[in-house]
Amino acid sequence: MATNRRVQTLDEFTIQQMRDFPNATGELSGLLRDIGLAAKRVNVEVNKAGLVDILGDAGTMNVQGEEVKKLDEFANNQFVGVLRHGISCAGIGSEELDDIVVFDDEISNNSKYVCLFDPLDGSSNIDVNVSIGTIFSVYRRVSKLGEPATQEDFLQPGIKQVAAGYVIYGSSTMMVYATRRGVNGFTLDPSIGEFCLSHPDIKCPETGRMYSVNHGNFFQYEEPIKKYITACQKKDHTNGGPYTQRYIGSMVADVHRNLIKGGIFMYPITTHKPKGKLRLLYECNPFGFIVQVAGGKATNGIQNILEVQPTALHQRSAFFVGSKGMMDELETFINEA
Ligand code: P6P
């Protein structure tokens with residue numbers, strides 16, 4: 001008798017992971033399930049964004065000085081709300097909030113973890129129906145349990161991440177997260193409202209032929225970056241085939257594609273943005289952790305991105321991430337300079 005391949009839901013998977021570690025308290029598993037719940041709520045609104053008046057600028061400006069769209073605020077409120085009322089998180093940092101939010105209640109103050117979020121990255125694409133995403137990062141607190149979380153809990157180098165992940169709201173909605181044990185992808189099955197394991201043990205291909213960069217900034221890049229991009233364009237079209245440029249302008253979509261198919265994503269510093277554009281804590285570090293666990297590499301052009309010691313919640317960084325072979329090739333251009 002034909003039987004359906006048993007599909008494991010996110011909840012079942014995280015509980016199984018907990019069973020594999022008998023001394024696990026289950027807090028991290030619970031935290032990941034909380035994030036999955038918030039993501040499902042955001043997904044509902046993202047999927048109908050064109051139908052209801054949730055689009056358009058909310059009129060406020062976020063800490064980045066960008067107009068905040070209503071869906072940004074909605075997404076932020078979902079993640080903050082679920083984690084505040086959960087039992088696994090002592091506080092959060094968010095692209096949408098100037099400062100950290102410390103939950104400061106008895107349960108939360110005894111929680112082991114803090115989270116950082118970009119609740120809805122690529123939101124400028126919402127109005128034109130391009131894939132957007134949520135990015136998250138989880139750290140074990142360094143402050144005293146039983147007391148409120150502190151700024152130091154959030155300003156840890158990326159190498160200290162306990163978990164990191166993203167949700168991509170695209171042709172399907174997926175949640176991908178990494179712990180030190182590996183990277184796994186879960187696709188939302190709307191018929192049961194559950195994220196189901198669809199991409200077990202994701203590995204980033206050692207090489208790829210896709211390079212992702214904003215060519216509009218080409219003449220603002222430093223020389224080694226321009227030389228590498230030009231080399232990509234001149235790739236020998238015989239062996240291994242030509243490189244191709246793929247850039248959606250939505251980081252979650254670009255990095256997700258390159259993680260699965262192989263490729264390199266670059267957001268270098270430019271003359272207009274000498275510190276880079278992307279945020280270290282809730283864009284670069286989570287993706288750096290995910291891709292490195294999957295076998296790829298991630299740097300700021302100078303060092304492993306996960307070794308950078310953060311000094312500010314919203315600090316920016318140059319960011320290069322992707323297949324090891326392509327990252328090594330980029331580094332030869334940078335080192336030559
Ligand atoms: P640019 C979206 O605003 C974002 O933060 C990332 O999702 C994306 O990769 C990048 O900015 C695109 O920036 O300057 O190329 O439009």
# chains A, B, ... in the order shown; residues from 1 in each chain; ligands from 1

$ residues_near_ligand --ligand "ligand 1" --cutoff "7 Å" --atoms "only C-alpha atoms and all ligand atoms" --output "ChimeraX atom specification"
/A:121-124,214,249-252,278

$ write_last_selection --atoms "N, CA, C and O atoms" --output "CSV table (one decimal), in the first residue's frame"
chain,number,residue,atom,x,y,z
A,121,ASP,N,12.8,42.5,5.7
A,121,ASP,CA,13.9,43.0,4.9
A,121,ASP,C,13.4,43.1,3.4
A,121,ASP,O,12.7,42.3,2.9
A,122,GLY,N,13.9,44.2,2.7
A,122,GLY,CA,13.5,44.3,1.3
A,122,GLY,C,12.1,45.0,1.1
A,122,GLY,O,11.5,44.8,0.1
A,123,SER,N,11.7,45.6,2.2
A,123,SER,CA,10.3,46.1,2.2
A,123,SER,C,10.0,47.1,1.1
A,123,SER,O,8.8,47.2,0.7
A,124,SER,N,11.0,47.7,0.5
A,124,SER,CA,10.8,48.6,-0.6
A,124,SER,C,10.2,47.8,-1.8
A,124,SER,O,9.6,48.3,-2.8
A,214,ASN,N,25.0,45.1,-7.0
A,214,ASN,CA,24.2,46.2,-7.7
A,214,ASN,C,25.2,46.9,-8.7
A,214,ASN,O,26.0,47.7,-8.3
A,249,GLY,N,17.7,42.7,-5.4
A,249,GLY,CA,17.6,43.9,-4.5
A,249,GLY,C,16.8,43.5,-3.3
A,249,GLY,O,16.3,44.4,-2.6
A,250,SER,N,16.6,42.3,-3.0
A,250,SER,CA,16.0,41.8,-1.7
A,250,SER,C,17.0,40.7,-1.2
A,250,SER,O,17.1,39.6,-1.8
A,251,MET,N,17.7,41.1,-0.1
A,251,MET,CA,18.8,40.3,0.3
A,251,MET,C,18.4,38.8,0.6
A,251,MET,O,19.1,37.9,0.2
A,252,VAL,N,17.3,38.6,1.3
A,252,VAL,CA,16.9,37.3,1.6
A,252,VAL,C,16.7,36.4,0.4
A,252,VAL,O,17.2,35.3,0.3
A,278,LEU,N,24.5,47.4,4.5
A,278,LEU,CA,23.8,46.3,5.3
A,278,LEU,C,24.2,46.3,6.8
A,278,LEU,O,25.3,46.8,7.1

$ select_by_dssp --residues "range 73-241 of chain A" --states "strand (DSSP E or B)" --output "JSON, numbers by chain"
{"A": [89, 90, 91, 92, 93, 94, 101, 102, 113, 114, 115, 116, 117, 118, 119, 120, 121, 132, 133, 134, 135, 136, 137, 138, 139, 140, 161, 162, 163, 164, 165, 166, 167, 168, 169, 173, 174, 175, 176, 177, 178, 179, 182, 183, 184, 185, 186, 187, 188, 189, 194, 195, 196, 197, 198, 199, 210, 211, 212]}

$ residues_around --residues "Gly276 in chain A" --least-positions-apart "3" --cutoff "6 Å" --atoms "only C-alpha atoms" --output "PDB file with C-alpha atoms, in the first residue's frame"
ATOM      1  CA  ILE A 269      31.319  49.813   0.603  1.00  0.00           C
ATOM      2  CA  LYS A 273      28.148  54.501   1.757  1.00  0.00           C
ATOM      3  CA  ARG A 316      26.685  48.865   8.970  1.00  0.00           C
ATOM      4  CA  SER A 317      29.231  46.648   7.249  1.00  0.00           C
ATOM      5  CA  ALA A 318      30.498  45.657   3.838  1.00  0.00           C
TER       6      ALA A 318
END

$ atom_distance --atom1 "CA of Cys284 in chain A" --atom2 "CA of Tyr139 in chain A"
14.7 Å

$ atom_distance --atom1 "CA of Pro190 in chain A" --atom2 "CA of Ala164 in chain A"
23.9 Å

$ residues_around --residues "range 97-111 of chain A" --least-positions-apart "6" --cutoff "12 Å" --atoms "only C-alpha atoms" --output "VMD selection string"
chain A and resid 25 to 28 30 to 31 60 to 65 68 72 to 73 76 to 77 79 to 91 117 to 119 139 to 155 312 to 315
